[in-house]
$ cat my_file.txt   # compact mmCIF, C-alpha atoms and all ligand atoms
# COMPACT_ATOMS: atom_id res chain seq x y z
CA MET A 1 72.42 237.06 -62.47
CA SER A 2 74.99 238.21 -65.04
CA GLU A 3 76.44 240.64 -62.49
CA ASN A 4 76.57 237.83 -60.00
CA ILE A 5 78.43 235.53 -62.37
CA LEU A 6 80.90 238.32 -63.17
CA GLU A 7 81.47 238.69 -59.45
CA LYS A 8 82.06 234.95 -59.23
CA ILE A 9 84.63 235.11 -62.00
CA ASN A 10 86.27 237.95 -60.06
CA ARG A 11 88.79 239.17 -62.61
CA ASP A 12 90.43 241.29 -59.92
CA GLN A 13 92.12 238.19 -58.49
CA PHE A 14 93.91 237.63 -61.82
CA ARG A 15 94.61 241.33 -62.31
CA ALA A 16 96.40 241.20 -58.97
CA ASN A 17 98.97 238.82 -60.51
CA PHE A 18 100.42 241.86 -62.29
CA LEU A 19 101.19 243.70 -59.07
CA LYS A 20 104.75 242.41 -59.21
CA TYR A 21 105.22 244.77 -62.18
CA THR A 22 103.56 247.67 -60.37
CA ARG A 23 106.06 247.12 -57.57
CA LYS A 24 108.97 246.84 -59.99
CA ALA A 25 108.01 250.15 -61.64
CA PHE A 26 107.51 251.92 -58.32
CA LEU A 27 110.87 250.73 -57.03
CA THR A 28 112.69 252.35 -59.96
CA LEU A 29 111.60 255.76 -58.62
CA PRO A 30 113.72 257.67 -56.14
CA LYS A 31 112.41 257.78 -52.59
CA LEU A 32 109.43 260.10 -52.37
CA ASP A 33 108.51 261.70 -49.04
CA ASN A 34 104.75 261.67 -48.50
CA PRO A 35 104.03 262.22 -52.19
CA PHE A 36 100.75 263.36 -53.66
CA ILE A 37 99.86 260.61 -56.13
CA LEU A 38 97.16 260.64 -58.78
CA ASP A 39 96.01 257.20 -59.96
CA ILE A 40 94.28 257.82 -63.28
CA GLY A 41 91.67 255.26 -64.38
CA CYS A 42 92.07 253.43 -61.07
CA GLY A 43 89.22 250.96 -61.66
CA SER A 44 88.56 248.88 -58.57
CA GLY A 45 91.93 249.97 -57.24
CA ILE A 46 94.24 246.98 -57.59
CA PRO A 47 97.27 249.23 -58.25
CA THR A 48 95.87 251.96 -55.96
CA MET A 49 95.95 249.75 -52.88
CA GLU A 50 99.47 248.61 -53.77
CA LEU A 51 100.61 252.23 -54.12
CA ALA A 52 99.28 252.85 -50.64
CA LYS A 53 101.45 249.99 -49.38
CA LEU A 54 104.52 251.07 -51.32
CA SER A 55 104.40 254.77 -50.46
CA THR A 56 103.67 256.97 -47.49
CA GLY A 57 101.72 259.34 -49.67
CA THR A 58 98.19 260.52 -50.28
CA ILE A 59 96.52 258.97 -53.30
CA PHE A 60 93.75 260.47 -55.41
CA ALA A 61 92.13 257.61 -57.32
CA LEU A 62 90.07 258.72 -60.27
CA ASP A 63 87.70 256.85 -62.56
CA THR A 64 84.35 257.33 -64.30
CA ASP A 65 83.02 253.91 -63.27
CA GLN A 66 81.05 254.28 -60.04
CA LEU A 67 80.73 250.51 -59.48
CA ALA A 68 84.51 250.14 -59.65
CA LEU A 69 84.94 253.08 -57.27
CA ASP A 70 82.43 251.51 -54.87
CA LYS A 71 84.57 248.37 -54.80
CA LEU A 72 87.65 250.46 -54.12
CA ASN A 73 85.87 252.44 -51.40
CA LYS A 74 85.04 249.14 -49.69
CA LYS A 75 88.71 248.11 -49.74
CA ILE A 76 89.77 251.52 -48.41
CA LYS A 77 87.31 251.19 -45.54
CA GLU A 78 88.38 247.63 -44.73
CA LYS A 79 92.03 248.69 -44.56
CA LYS A 80 91.16 251.95 -42.73
CA LEU A 81 92.94 254.00 -45.37
CA GLU A 82 90.35 256.79 -45.62
CA ASN A 83 92.94 259.40 -44.70
CA ARG A 84 95.36 258.18 -47.40
CA ILE A 85 93.18 257.38 -50.43
CA LYS A 86 90.43 259.60 -51.85
CA THR A 87 88.30 258.35 -54.73
CA ILE A 88 87.02 260.78 -57.34
CA LYS A 89 84.38 260.10 -59.97
CA CYS A 90 85.62 262.12 -62.90
CA SER A 91 86.82 261.69 -66.45
CA PHE A 92 90.53 262.12 -67.11
CA TYR A 93 89.49 264.51 -69.86
CA GLU A 94 87.85 266.81 -67.30
CA MET A 95 90.28 266.93 -64.40
CA ASN A 96 90.33 270.34 -62.77
CA PHE A 97 93.19 269.93 -60.32
CA GLN A 98 95.49 272.91 -60.07
CA ASP A 99 98.69 272.88 -62.09
CA GLU A 100 101.61 271.09 -60.44
CA SER A 101 99.48 269.29 -57.85
CA PHE A 102 101.17 265.90 -57.96
CA ASP A 103 104.57 264.32 -57.33
CA LEU A 104 103.56 261.18 -59.16
CA ILE A 105 100.89 260.24 -61.69
CA TRP A 106 100.16 256.54 -62.11
CA ALA A 107 98.13 255.16 -65.04
CA GLU A 108 97.73 251.46 -65.71
CA GLY A 109 95.54 250.05 -68.44
CA VAL A 110 94.01 253.27 -69.73
CA GLY A 111 95.75 253.24 -73.10
CA TYR A 112 92.63 251.80 -74.66
CA PHE A 113 90.77 255.00 -73.71
CA ILE A 114 93.40 257.68 -74.27
CA ARG A 115 96.33 257.68 -76.68
CA PHE A 116 99.83 257.64 -75.20
CA GLU A 117 100.63 260.99 -76.83
CA GLU A 118 97.47 262.58 -75.43
CA SER A 119 98.23 261.39 -71.91
CA LEU A 120 101.76 262.81 -72.06
CA LYS A 121 100.39 266.11 -73.30
CA GLN A 122 97.33 266.46 -71.06
CA TRP A 123 98.74 265.25 -67.77
CA ARG A 124 102.04 267.14 -67.80
CA ARG A 125 100.55 270.30 -66.30
CA LEU A 126 99.40 268.34 -63.22
CA LEU A 127 102.91 267.25 -62.32
CA LYS A 128 105.25 269.25 -60.15
CA THR A 129 108.60 270.07 -61.73
CA ASN A 130 110.67 266.86 -61.72
CA GLY A 131 107.52 264.91 -60.88
CA PHE A 132 107.04 261.38 -62.20
CA LEU A 133 104.64 259.77 -64.61
CA VAL A 134 104.30 255.98 -64.75
CA ILE A 135 102.25 254.51 -67.57
CA HIS A 136 101.48 250.84 -68.15
CA ASP A 137 100.32 250.69 -71.74
CA ASP A 138 100.07 248.54 -74.83
CA ILE A 139 103.47 247.63 -76.30
CA LYS A 140 102.39 249.07 -79.64
CA THR A 141 103.27 252.50 -78.20
CA LEU A 142 106.96 251.53 -78.17
CA PRO A 143 108.12 252.55 -81.69
CA THR A 144 107.12 256.21 -81.31
CA SER A 145 107.48 256.51 -77.55
CA ARG A 146 110.98 258.06 -77.40
CA THR A 147 110.07 260.81 -79.83
CA LEU A 148 106.86 261.63 -77.97
CA ILE A 149 108.49 261.51 -74.54
CA LYS A 150 111.05 264.05 -75.76
CA LYS A 151 108.46 266.16 -77.56
CA TYR A 152 106.44 266.67 -74.37
CA ASN A 153 109.49 267.28 -72.18
CA TYR A 154 109.82 264.17 -70.14
CA LYS A 155 112.92 262.16 -69.39
CA LEU A 156 112.66 258.41 -69.90
CA LEU A 157 114.05 257.08 -66.62
CA ASP A 158 113.33 253.46 -67.39
CA TYR A 159 110.98 251.14 -69.21
CA PHE A 160 110.31 247.43 -69.28
CA ALA A 161 108.04 245.15 -71.21
CA LEU A 162 106.17 242.41 -69.39
CA PRO A 163 107.45 238.93 -70.27
CA LYS A 164 106.09 237.54 -73.54
CA ASP A 165 103.79 235.06 -71.84
CA ALA A 166 102.74 237.26 -68.89
CA TRP A 167 99.21 237.92 -70.11
CA TRP A 168 98.64 234.21 -70.70
CA VAL A 169 100.30 232.89 -67.55
CA ASP A 170 99.16 235.58 -65.13
CA TYR A 171 95.78 236.46 -66.54
CA TYR A 172 94.09 234.56 -69.35
CA ARG A 173 95.06 231.02 -68.33
CA PRO A 174 93.77 231.33 -64.74
CA LEU A 175 90.72 233.21 -66.07
CA GLU A 176 89.98 230.35 -68.47
CA SER A 177 90.30 227.76 -65.69
CA ARG A 178 87.89 229.78 -63.58
CA ILE A 179 85.40 229.96 -66.44
CA ASP A 180 85.66 226.18 -67.00
CA GLU A 181 85.08 225.56 -63.34
CA LEU A 182 82.01 227.81 -63.26
CA ARG A 183 80.65 226.29 -66.48
CA GLN A 184 80.50 222.91 -64.79
CA ARG A 185 78.81 224.32 -61.70
CA ILE A 186 76.04 226.26 -63.42
CA VAL A 187 75.06 223.90 -66.25
CA LYS A 188 71.37 224.78 -65.94
CA ASP A 189 71.58 228.54 -65.88
CA SER A 190 71.45 229.59 -69.52
CA SER A 191 71.83 233.35 -68.97
CA ALA A 192 74.91 232.84 -66.80
CA LEU A 193 76.33 230.40 -69.36
CA GLU A 194 75.87 233.06 -72.02
CA VAL A 195 77.90 235.53 -69.96
CA LEU A 196 80.61 232.91 -69.55
CA GLU A 197 80.69 232.44 -73.32
CA GLN A 198 81.19 236.19 -73.81
CA GLN A 199 84.09 236.08 -71.38
CA GLN A 200 85.50 233.04 -73.17
CA GLN A 201 85.35 234.96 -76.43
CA GLU A 202 87.87 237.47 -75.13
CA ILE A 203 90.23 234.62 -74.25
CA ASP A 204 89.76 233.03 -77.67
CA ASN A 205 90.55 236.37 -79.32
CA PHE A 206 93.68 236.61 -77.22
CA LYS A 207 94.73 233.11 -78.29
CA THR A 208 94.52 234.00 -81.98
CA ASN A 209 97.30 236.55 -81.52
CA PRO A 210 98.90 236.44 -78.06
CA SER A 211 101.84 238.65 -79.01
CA LYS A 212 99.43 241.55 -79.61
CA ALA A 213 98.50 241.63 -75.95
CA ARG A 214 101.94 242.55 -74.69
CA SER A 215 102.29 245.55 -72.45
CA ILE A 216 104.99 247.86 -71.23
CA PHE A 217 105.75 250.18 -68.32
CA TYR A 218 107.24 253.62 -68.90
CA ILE A 219 108.77 255.49 -65.98
CA LEU A 220 109.07 259.16 -66.89
CA GLN A 221 110.11 262.38 -65.23
CA LYS A 222 108.80 265.80 -66.11
CA ILE A 223 111.63 268.11 -67.08
CA MET A 224 111.47 271.84 -67.71
CA SER A 225 110.93 272.92 -71.32
CA LYS A 226 113.99 274.42 -72.97
C1 LIG A 301 91.61 248.41 -67.84
S1 LIG A 301 90.91 249.36 -66.56
C2 LIG A 301 92.35 249.63 -65.54
C3 LIG A 301 92.01 249.78 -64.11
C4 LIG A 301 93.22 249.89 -63.17
N1 LIG A 301 94.06 251.01 -63.49
C5 LIG A 301 94.03 248.63 -63.24
O1 LIG A 301 95.12 248.67 -63.81
O2 LIG A 301 93.57 247.60 -62.73
C6 LIG A 301 90.70 250.96 -67.32
C7 LIG A 301 89.95 251.93 -66.43
O3 LIG A 301 89.91 253.21 -67.09
C8 LIG A 301 88.66 253.80 -66.76
N2 LIG A 301 88.35 254.87 -67.70
C9 LIG A 301 88.01 254.77 -69.01
N3 LIG A 301 87.79 255.99 -69.54
C10 LIG A 301 87.97 256.88 -68.52
C11 LIG A 301 87.90 258.30 -68.44
N4 LIG A 301 87.58 259.05 -69.50
N5 LIG A 301 88.18 258.88 -67.27
C12 LIG A 301 88.53 258.14 -66.18
N6 LIG A 301 88.62 256.78 -66.19
C13 LIG A 301 88.35 256.17 -67.35
C14 LIG A 301 87.69 252.63 -66.84
O4 LIG A 301 86.49 252.92 -66.15
C15 LIG A 301 88.50 251.52 -66.19
O5 LIG A 301 88.26 251.44 -64.81

$ encode --input "my_file.txt" --output "structure tokens"
Amino acid sequence: MSENILEKINRDQFRANFLKYTRKAFLTLPKLDNPFILDIGCGSGIPTMELAKLSTGTIFALDTDQLALDKLNKKIKEKKLENRIKTIKCSFYEMNFQDESFDLIWAEGVGYFIRFEESLKQWRRLLKTNGFLVIHDDIKTLPTSRTLIKKYNYKLLDYFALPKDAWWVDYYRPLESRIDELRQRIVKDSSALEVLEQQQQEIDNFKTNPSKARSIFYILQKIMSK
């Protein structure tokens, strides 16, 4: 039942509200002809599917969560994109692609699992010379970001923070409305109500310090080491 109620909440629909920022970041890149793109920590593929729309490239979408990859595989099949998007169940700590395989690496929302510095360091070898790395991370990375970007030989092409209220307006507020709505519909199902309360807890935590949940896009280019 708890899985069912999570499906009913369907966080993906709120996650999709951030695609305007995915598009904004992608459109700061120069035109890429049929690029090889690696989407790291793709989850159920909300940004992945958008990248397929925005580019003419081939996308390798990688995550350790098989359920999320199953969801993405379903979307790929529905849109008949099997020849454009390949899913890979693998940890981003264990990627064995050859050096310089990709024109673009995309990583949204993985900062909780790998530090910004580590991602700059580890993923550089996978990029072709002058290839691009786009990271959507927690805004707390900002103070040290310039130093780290330079240290690992990237050029900062652009960056932008999401608006102050984006996480509330685009994500937590609609999520809370959905939870309220479901609460009223399932009054007698105690296990489902418990799951809803856990979800509500995350929103309540957010409300105690909304400014902490700000995030930022970095658009970087790999440059040759001096
Ligand atoms: C917050 S979700 C972001 C999903 C997607 N990029 C998005 O923006 O909607 C973080 C994703 O990172 C994945 N992840 C966590 N640790 C990982 C690892 N070591 N290797 C690959 N993926 C990982 C999780 O399974 C999850 O799907």

$ axis_aligned_box --input "my_file.txt" --around "range 68-83 of chain A" --padding-each-side "8 Å" --output "lines of an AutoDock Vina configuration file"
center_x = 87.7
center_y = 253.5
center_z = -51.2
size_x = 26.5
size_y = 27.8
size_z = 32.9

$ atom_distance --input "my_file.txt" --atom1 "CA of Glu50 in chain A" --atom2 "CA of Ile85 in chain A"
11.3 Å

$ residues_around --input "my_file.txt" --residues "range 167-182 of chain A" --least-positions-apart "6" --cutoff "8 Å" --atoms "all atoms listed in the file" --output "ChimeraX atom specification"
/A:9,11,14-15,17-18,196,199-200,203,210,213-214

$ atom_distance --input "my_file.txt" --atom1 "CA of Arg115 in chain A" --atom2 "CA of Phe132 in chain A"
18.4 Å

$ atom_distance --input "my_file.txt" --atom1 "CA of Phe217 in chain A" --atom2 "atom N5 of ligand LIG 301 (chain A)"
19.6 Å

$ residues_near_ligand --input "my_file.txt" --ligand "ligand LIG 301 (chain A)" --cutoff "7 Å" --atoms "all atoms listed in the file" --output "PyMOL selection string"
chain A and resi 15+40-47+62-65+68+90-93+107-110+113

$ closest_residue --input "my_file.txt" --among "A:Ser145, A:Gln198, A:Asn205, A:Asn153" --to "Arg125 in chain A" --atoms "all atoms listed in the file"
A:Asn153

$ closest_residue --input "my_file.txt" --among "A:Ala16, A:Leu162, A:Met49, A:Leu220" --to "Leu120 in chain A" --atoms "all atoms listed in the file"
A:Leu220

$ residues_around --input "my_file.txt" --residues "Leu127 in chain A" --least-positions-apart "5" --cutoff "12 Å" --atoms "all atoms listed in the file" --output "MDAnalysis selection string"
chainID A and resid 35:38 97:106 120:122 132:134 153:154 220:224

$ closest_residue --input "my_file.txt" --among "A:Thr144, A:Lys164, A:Ser190, A:Lys77" --to "Asn209 in chain A" --atoms "only C-alpha atoms"
A:Lys164

$ closest_residue --input "my_file.txt" --among "A:Gln201, A:Thr129, A:Ser225, A:Thr87" --to "Tyr152 in chain A" --atoms "all atoms listed in the file"
A:Ser225

$ closest_residue --input "my_file.txt" --among "A:Glu197, A:Glu117, A:Asp165, A:Glu94" --to "Lys150 in chain A" --atoms "only C-alpha atoms"
A:Glu117

$ build_atoms --input "my_file.txt" --residues "range 99-125 of chain A" --atoms "N, CA and C atoms" --output "short mmCIF file (atom, residue, chain, number, x, y, z; two decimals), in the coordinates of the input"
data_model
loop_
_atom_site.label_atom_id
_atom_site.label_comp_id
_atom_site.auth_asym_id
_atom_site.auth_seq_id
_atom_site.Cartn_x
_atom_site.Cartn_y
_atom_site.Cartn_z
N ASP A 99 97.41 273.25 -61.49
CA ASP A 99 98.69 272.88 -62.09
C ASP A 99 99.65 272.44 -60.97
N GLU A 100 100.52 271.54 -61.32
CA GLU A 100 101.61 271.09 -60.44
C GLU A 100 101.11 270.59 -59.08
N SER A 101 100.04 269.82 -59.10
CA SER A 101 99.48 269.29 -57.85
C SER A 101 100.16 268.00 -57.39
N PHE A 102 100.76 267.26 -58.31
CA PHE A 102 101.17 265.90 -57.96
C PHE A 102 102.67 265.63 -58.13
N ASP A 103 103.18 264.79 -57.22
CA ASP A 103 104.57 264.32 -57.33
C ASP A 103 104.65 263.14 -58.28
N LEU A 104 103.54 262.40 -58.37
CA LEU A 104 103.56 261.18 -59.16
C LEU A 104 102.17 260.94 -59.76
N ILE A 105 102.15 260.67 -61.05
CA ILE A 105 100.89 260.24 -61.69
C ILE A 105 101.09 258.80 -62.12
N TRP A 106 100.09 257.97 -61.80
CA TRP A 106 100.16 256.54 -62.11
C TRP A 106 99.00 256.20 -63.03
N ALA A 107 99.24 255.50 -64.13
CA ALA A 107 98.13 255.16 -65.04
C ALA A 107 98.38 253.78 -65.63
N GLU A 108 97.59 252.82 -65.18
CA GLU A 108 97.73 251.46 -65.71
C GLU A 108 96.46 251.08 -66.47
N GLY A 109 96.66 250.64 -67.69
CA GLY A 109 95.54 250.05 -68.44
C GLY A 109 94.56 251.04 -69.03
N VAL A 110 94.96 252.31 -69.17
CA VAL A 110 94.01 253.27 -69.73
C VAL A 110 94.32 253.60 -71.20
N GLY A 111 95.34 252.96 -71.72
CA GLY A 111 95.75 253.24 -73.10
C GLY A 111 94.67 252.94 -74.13
N TYR A 112 93.73 252.11 -73.76
CA TYR A 112 92.63 251.80 -74.66
C TYR A 112 91.68 253.01 -74.79
N PHE A 113 91.71 253.87 -73.77
CA PHE A 113 90.77 255.00 -73.71
C PHE A 113 91.40 256.34 -74.05
N ILE A 114 92.71 256.43 -73.93
CA ILE A 114 93.40 257.68 -74.27
C ILE A 114 94.75 257.33 -74.89
N ARG A 115 95.07 258.00 -76.00
CA ARG A 115 96.33 257.68 -76.68
C ARG A 115 97.52 258.10 -75.81
N PHE A 116 98.61 257.36 -75.96
CA PHE A 116 99.83 257.64 -75.20
C PHE A 116 100.23 259.11 -75.34
N GLU A 117 100.21 259.60 -76.58
CA GLU A 117 100.63 260.99 -76.83
C GLU A 117 99.73 261.95 -76.06
N GLU A 118 98.44 261.69 -76.10
CA GLU A 118 97.47 262.58 -75.43
C GLU A 118 97.72 262.59 -73.92
N SER A 119 98.01 261.42 -73.36
CA SER A 119 98.23 261.39 -71.91
C SER A 119 99.50 262.17 -71.54
N LEU A 120 100.54 262.04 -72.34
CA LEU A 120 101.76 262.81 -72.06
C LEU A 120 101.46 264.31 -72.09
N LYS A 121 100.68 264.69 -73.08
CA LYS A 121 100.39 266.11 -73.30
C LYS A 121 99.46 266.67 -72.21
N GLN A 122 98.36 265.95 -71.97
CA GLN A 122 97.33 266.46 -71.06
C GLN A 122 97.76 266.45 -69.59
N TRP A 123 98.51 265.44 -69.19
CA TRP A 123 98.74 265.25 -67.77
C TRP A 123 99.98 265.99 -67.26
N ARG A 124 100.79 266.48 -68.19
CA ARG A 124 102.04 267.14 -67.80
C ARG A 124 101.80 268.30 -66.83
N ARG A 125 100.78 269.09 -67.11
CA ARG A 125 100.55 270.30 -66.30
C ARG A 125 100.26 269.94 -64.83
#
